[in-house]
Amino acid sequence: MSASNLEQGTTAAHYAILIGINRYPKDSLKGCVRDVHELKKRLESSSKAVDIRVFTASEGETSSVLPVRAPNLLPTYGNITTSFEQITSSAKSGDFVYIHYSGHGTTISQINNLPNDSPHDLALVLIELNPTFQPRYFHGLDLASRIKRMVEKGVTVTLVLDCCFSGNAVRTDARARYLDYDPAVDAAYPWSPVTRPNAENDPSASTYRAGSMRPNWLVNPNRYTILTACGPTEIAKEITLGKDGLSHGALSYFLLRTFHKLGGVGGRQEHIYHHLRARFKGFEKSRMNIQNPVFYGNKNLCFFGSVDLENRPAPVPIIRRANGTLELEAGEAHGISKGDGFILCPLDHATHDSVPDTDAIPATIKTVGALVSQLETDMADAQCLHIETGWIATQVTSLALRKFPVRLQSDLAYPAERGSALQDLNSLNLQSFDAELAQSPSFTIKSESDGTCSIYDEDSHDITQLHFKNSDLQGAKMHILAVLEHMARFKLVRSLANKTLLDPGHPFTTAFDVCLTNQAGISRRPGCLQEGWLHHGDWIEFAATNTAKGYDNLYLHIYNTDSCWAVENLLKANHVVLPSYRG
C-alpha cells in the first residue's frame with residue numbers, strides 16, 4: 001500500500017490497459033494479440049484485483065465479424081483514449097496504472113506547430129474502421145500528455161512499448177514491428193499538440209536541486225517508468241520459439257517469463273530491467289537478434305507497485321555463455337577491479353530484502369574488460385550448474401575504493417567485530433593516525449569533544465559533521481564507515497576516465513564531439529577552465545554528436561556529481577543512443 005493510500009486508510013487500485021494489434025492493412029504481425037492475452041491471464045492470476053481493459057485486432061478479423069465482437073474492444077484511437085480518460089478520472093493518488101502496447105511503431109520526422117529542431121516524435125500505430133481497417137497514429141506527445149495527467153494526480157504509471165521506432169533497414173524484415181510514416185494517415189486524422197509536456201511547462205521541474213534532462217515528450221520521471229523493446233536505431237522483432245512455432249514480441253515474451261520467475265506481476269523495476277537486458281543479450285548471441293531494451297524514469301519504483309525508498313546496491317546482470325563462463329555486465333568503465341567480490345543469486349531472491357544462504361553464491365572477478373568482466377566461484381562446478389543468464393550480482397568488495405585512503409583517529413579504529421555486511425566488504429583503505437601512508441589521505445576523520453565527528457578532505461577542509469551519542473560509539477562507527485564508503489565511491493566515479501583518450505592518435509578521439517553552450521550562446525569544449533562563463537542558476541545546453549564515419553552507434557551516459565556528494569543520472573534513462581554518422 002502506498003503512503004498516500006495508507007494515510008487515507010484505503011487500498012490502492014490497480015488498472016491495466018493492454019493493446020495488441022496483429023491486423024494491419026499491410027505488414028500484419030503474428031504475436032501481438034497473443035502477447036496481451038498472456039499478460040491478461042497473468043494479471044488475472046494476481047492476488048490483487050486489477051481493472052483490466054484489453055483492445056486487440058487479430059489477422060482474421062474483418063468488418064463482417066464486428067457484430068459478434070464488440071467494436072468498443074478494438075484498438076482504435078477513440079476506444080483507447082476514452083479508457084485513458086476514464087481511468088484518469090476515477091484513479092486517486094497512490095493508485096497504479098500499467099499500459100502495455102504490442103504492435104507497430106513509427107517515427108515522425110516533423111511535428112506540426114513545433115520548432116524545426118525538435119526531436120522526432122514517435123507514434124503507436126493503431127487502427128480505425130473507415131469502413132475497413134486503416135492505420136491511425138497515437139502520437140508520443142499525445143500519449144505523454146495523457147500520462148502526465150495521471151502522474152499529476154499522484155498515480156504511478158508503468159508503460160511498456162513492445163514496438164519499434166527505428167526506420168533502419170527494416171523494410172524487408174516481416175518480423176520487425178515498424179511501419180514507415182505515412183503523411184496521408186495524419187492528414188486523415190489530424191492532431192496538433194497544444195502544449196509540450198517537457199520541463200518548461202512541468203511544474204515539478206523546478207524542484208530538482210541539480211540538472212535535469214530527458215527526452216522532450218517524457219514527463220516528470222518520479223512517478224513513472226517506461227520500458228521500450230529497443231533503442232531508436234535498433235529493430236524490435238517478433239521471435240518464434242518452441243515446437244509449436246508461436247510468435248511473440250521479444251520484450252513481451254521475456255517480460256512474461258520474468259513475471260513467472262517472480263511469481264506474479266511485480267518486483268523492483270531496476271532488477272527486472274537488468275534481468276531483461278541479460279536475457280536479451282544472451283538471446284542475441286544464439287539468434288542474431290540485436291535488440292537492447294531501454295529504461296526511462298524512476299528505477300526505484302516497483303513494477304505495478306510502490307516506490308522502494310531503501311538505498312540498495314546496484315544490481316548487475318550475469319550472462320552464462322555456452323562454454324559455461326559467467327560474464328558480469330560491468331567492467332573498467334564501471335569501476336570494477338580484478339579480485340572484487342560479488343554475491344550471485346536468482347532474480348526472485350534478488351528482489352527480496354534477504355537471500356537464503358543456500359541460494360547466494362560468492363564469486364570473484366577473474367578478468368576485467370572495458371565493459372564486461374569474467375567471474376569465477378570457489379564452489380564445485382556441480383553447485384554452479386544452476387546459475388543461468390539473468391541472475392543478479394551484488395557487489396560486496398570494491399578494491400578500487402582503496403585508492404582513497406582514510407586516516408582514522410585512534411578511538412575510531414576499525415571495529416574488531418566482523419559480523420556486519422559493511423565489515424565483510426573490507427573495501428575501504430583504513431589507516432590509523434600513526435601509520436605511514438604512501439599517499440596523502442583522501443579523508444581524515446576526527447571525533448570531537450562535543451559528540452560530533454568531523455571528516456576532512458585532502459586539503460584539510462571540513463566536509464561534514466556527523467552527530468552521535470558517545471554511549472553508542474560502536475553503532476556510530478558503522479554509520480561513519482558507511483558515509484566514508486559513499487564518499488570514496490563518489491570520488492571513484494569522478495576519477496573514472498577512458499585511458500584510450502590519452503593517446504591523441506587513437507581513432508576514438510575523433511569519433512565524437514561534445515559542446516557546452518551557455519545562456520549567452522557562447523560555446524566551450526570539455527576541459528575549459530575559463531571563469532565567469534557559467535553562473536549559479538544558469539541553464540546550459542549539452543550537445544553530443546557521433547562523428548565517426550562508420551556504422552557504430554555510441555551509447556551516451558551523463559551524470560552530475562554535485563557538491564553534496566550525490567551522483568545524479570541526468571538522462572533519467574539507462575542510456576541514450578547517438579546514431580552513427582553515414583554521410
# chains A, B, ... in the order shown; residues from 1 in each chain; ligands from 1
$ residues_around --residues "segment 260-271 of chain A" --least-positions-apart "2" --cutoff "7 Å" --atoms "only C-alpha atoms" --output "CSV table (one decimal) with N, CA and C atoms, in the first residue's frame"
chain,number,residue,atom,x,y,z
A,42,ARG,N,-1.9,-13.5,-16.8
A,42,ARG,CA,-1.0,-13.3,-15.6
A,42,ARG,C,-1.6,-12.3,-14.7
A,43,LEU,N,-2.2,-11.2,-15.1
A,43,LEU,CA,-2.8,-10.2,-14.3
A,43,LEU,C,-4.0,-10.8,-13.5
A,46,SER,N,-3.2,-12.7,-10.4
A,46,SER,CA,-2.6,-11.9,-9.3
A,46,SER,C,-3.5,-11.9,-8.1
A,256,LEU,N,7.1,-11.7,-19.7
A,256,LEU,CA,6.1,-12.7,-19.1
A,256,LEU,C,6.9,-13.8,-18.4
A,257,ARG,N,8.0,-14.2,-18.9
A,257,ARG,CA,8.8,-15.2,-18.2
A,257,ARG,C,9.5,-14.7,-17.0
A,258,THR,N,9.7,-13.4,-16.9
A,258,THR,CA,10.2,-12.7,-15.7
A,258,THR,C,9.2,-12.8,-14.6
A,273,TYR,N,14.6,-4.8,-15.1
A,273,TYR,CA,15.3,-4.3,-16.3
A,273,TYR,C,16.6,-5.0,-16.6
A,274,HIS,N,17.4,-5.1,-15.5
A,274,HIS,CA,18.8,-5.7,-15.7
A,274,HIS,C,18.6,-7.2,-16.1
A,275,HIS,N,17.6,-7.8,-15.5
A,275,HIS,CA,17.4,-9.2,-15.8
A,275,HIS,C,17.0,-9.3,-17.3
A,299,LYS,N,14.0,4.4,-11.3
A,299,LYS,CA,14.4,3.0,-11.2
A,299,LYS,C,14.0,2.5,-9.8
A,300,ASN,N,13.6,3.3,-8.9
A,300,ASN,CA,13.2,2.9,-7.5
A,300,ASN,C,11.8,2.4,-7.4
A,301,LEU,N,11.0,2.6,-8.5
A,301,LEU,CA,9.6,2.1,-8.5
A,301,LEU,C,9.6,0.6,-8.6
A,302,CYS,N,8.5,0.0,-8.1
A,302,CYS,CA,8.3,-1.4,-8.3
A,302,CYS,C,7.3,-1.5,-9.4
A,303,PHE,N,7.4,-2.6,-10.2
A,303,PHE,CA,6.5,-2.9,-11.3
A,303,PHE,C,5.1,-3.1,-10.7
A,304,PHE,N,4.2,-2.1,-11.1
A,304,PHE,CA,2.8,-2.2,-10.7
A,304,PHE,C,2.7,-2.2,-9.2
A,305,GLY,N,3.7,-1.4,-8.5
A,305,GLY,CA,3.7,-1.4,-7.1
A,305,GLY,C,4.3,-0.1,-6.6
A,315,PRO,N,22.1,-3.5,-8.8
A,315,PRO,CA,22.2,-4.9,-9.4
A,315,PRO,C,22.9,-4.9,-10.7
A,348,ASP,N,14.4,-13.9,-8.4
A,348,ASP,CA,13.3,-13.8,-7.4
A,348,ASP,C,13.8,-13.6,-6.0
A,351,THR,N,15.2,-9.7,-5.6
A,351,THR,CA,14.2,-8.7,-5.3
A,351,THR,C,13.7,-8.6,-3.9
$ residues_around --residues "Phe84 of chain A" --least-positions-apart "3" --cutoff "12 Å" --atoms "only C-alpha atoms" --output "ChimeraX atom specification"
/A:15-18,53,77-81,87-91,97-99,142-150,157
$ closest_residue --among "A:Tyr189, A:Tyr296, A:Ala236, A:Phe55" --to "Thr106 of chain A" --atoms "only C-alpha atoms"
A:Ala236
$ closest_residue --among "A:Gly31, A:Gly94, A:Pro526, A:Gly297" --to "His14 of chain A" --atoms "only C-alpha atoms"
A:Gly94
$ closest_residue --among "A:Leu430, A:Val493, A:Leu124, A:Val368" --to "Glu568 of chain A" --atoms "only C-alpha atoms"
A:Val493
$ residues_around --residues "Ile226 of chain A" --least-positions-apart "6" --cutoff "8 Å" --atoms "only C-alpha atoms" --output "MDAnalysis selection string"
chainID A and resid 158:161 295:297
$ residues_around --residues "Val577 of chain A" --least-positions-apart "3" --cutoff "12 Å" --atoms "only C-alpha atoms" --output "ChimeraX atom specification"
/A:166,215,230-234,292-294,544-546,552-558,571,573-574,580
$ residues_around --residues "segment 535-539 of chain A" --least-positions-apart "3" --cutoff "8 Å" --atoms "only C-alpha atoms" --output "PyMOL selection string"
chain A and resi 518-519+532
$ atom_distance --atom1 "atom CA of Tyr456 of chain A" --atom2 "atom CA of Pro313 of chain A"
25.6 Å
$ atom_distance --atom1 "atom CA of Ile318 of chain A" --atom2 "atom CA of Ala370 of chain A"
15.8 Å
$ select_by_dssp --residues "segment 77-115 of chain A" --states "helix (DSSP H, G or I)" --output "MDAnalysis selection string"
chainID A and resid 77:90
$ closest_residue --among "A:His349, A:Arg279, A:His479, A:Arg489" --to "Glu388 of chain A" --atoms "only C-alpha atoms"
A:Arg279
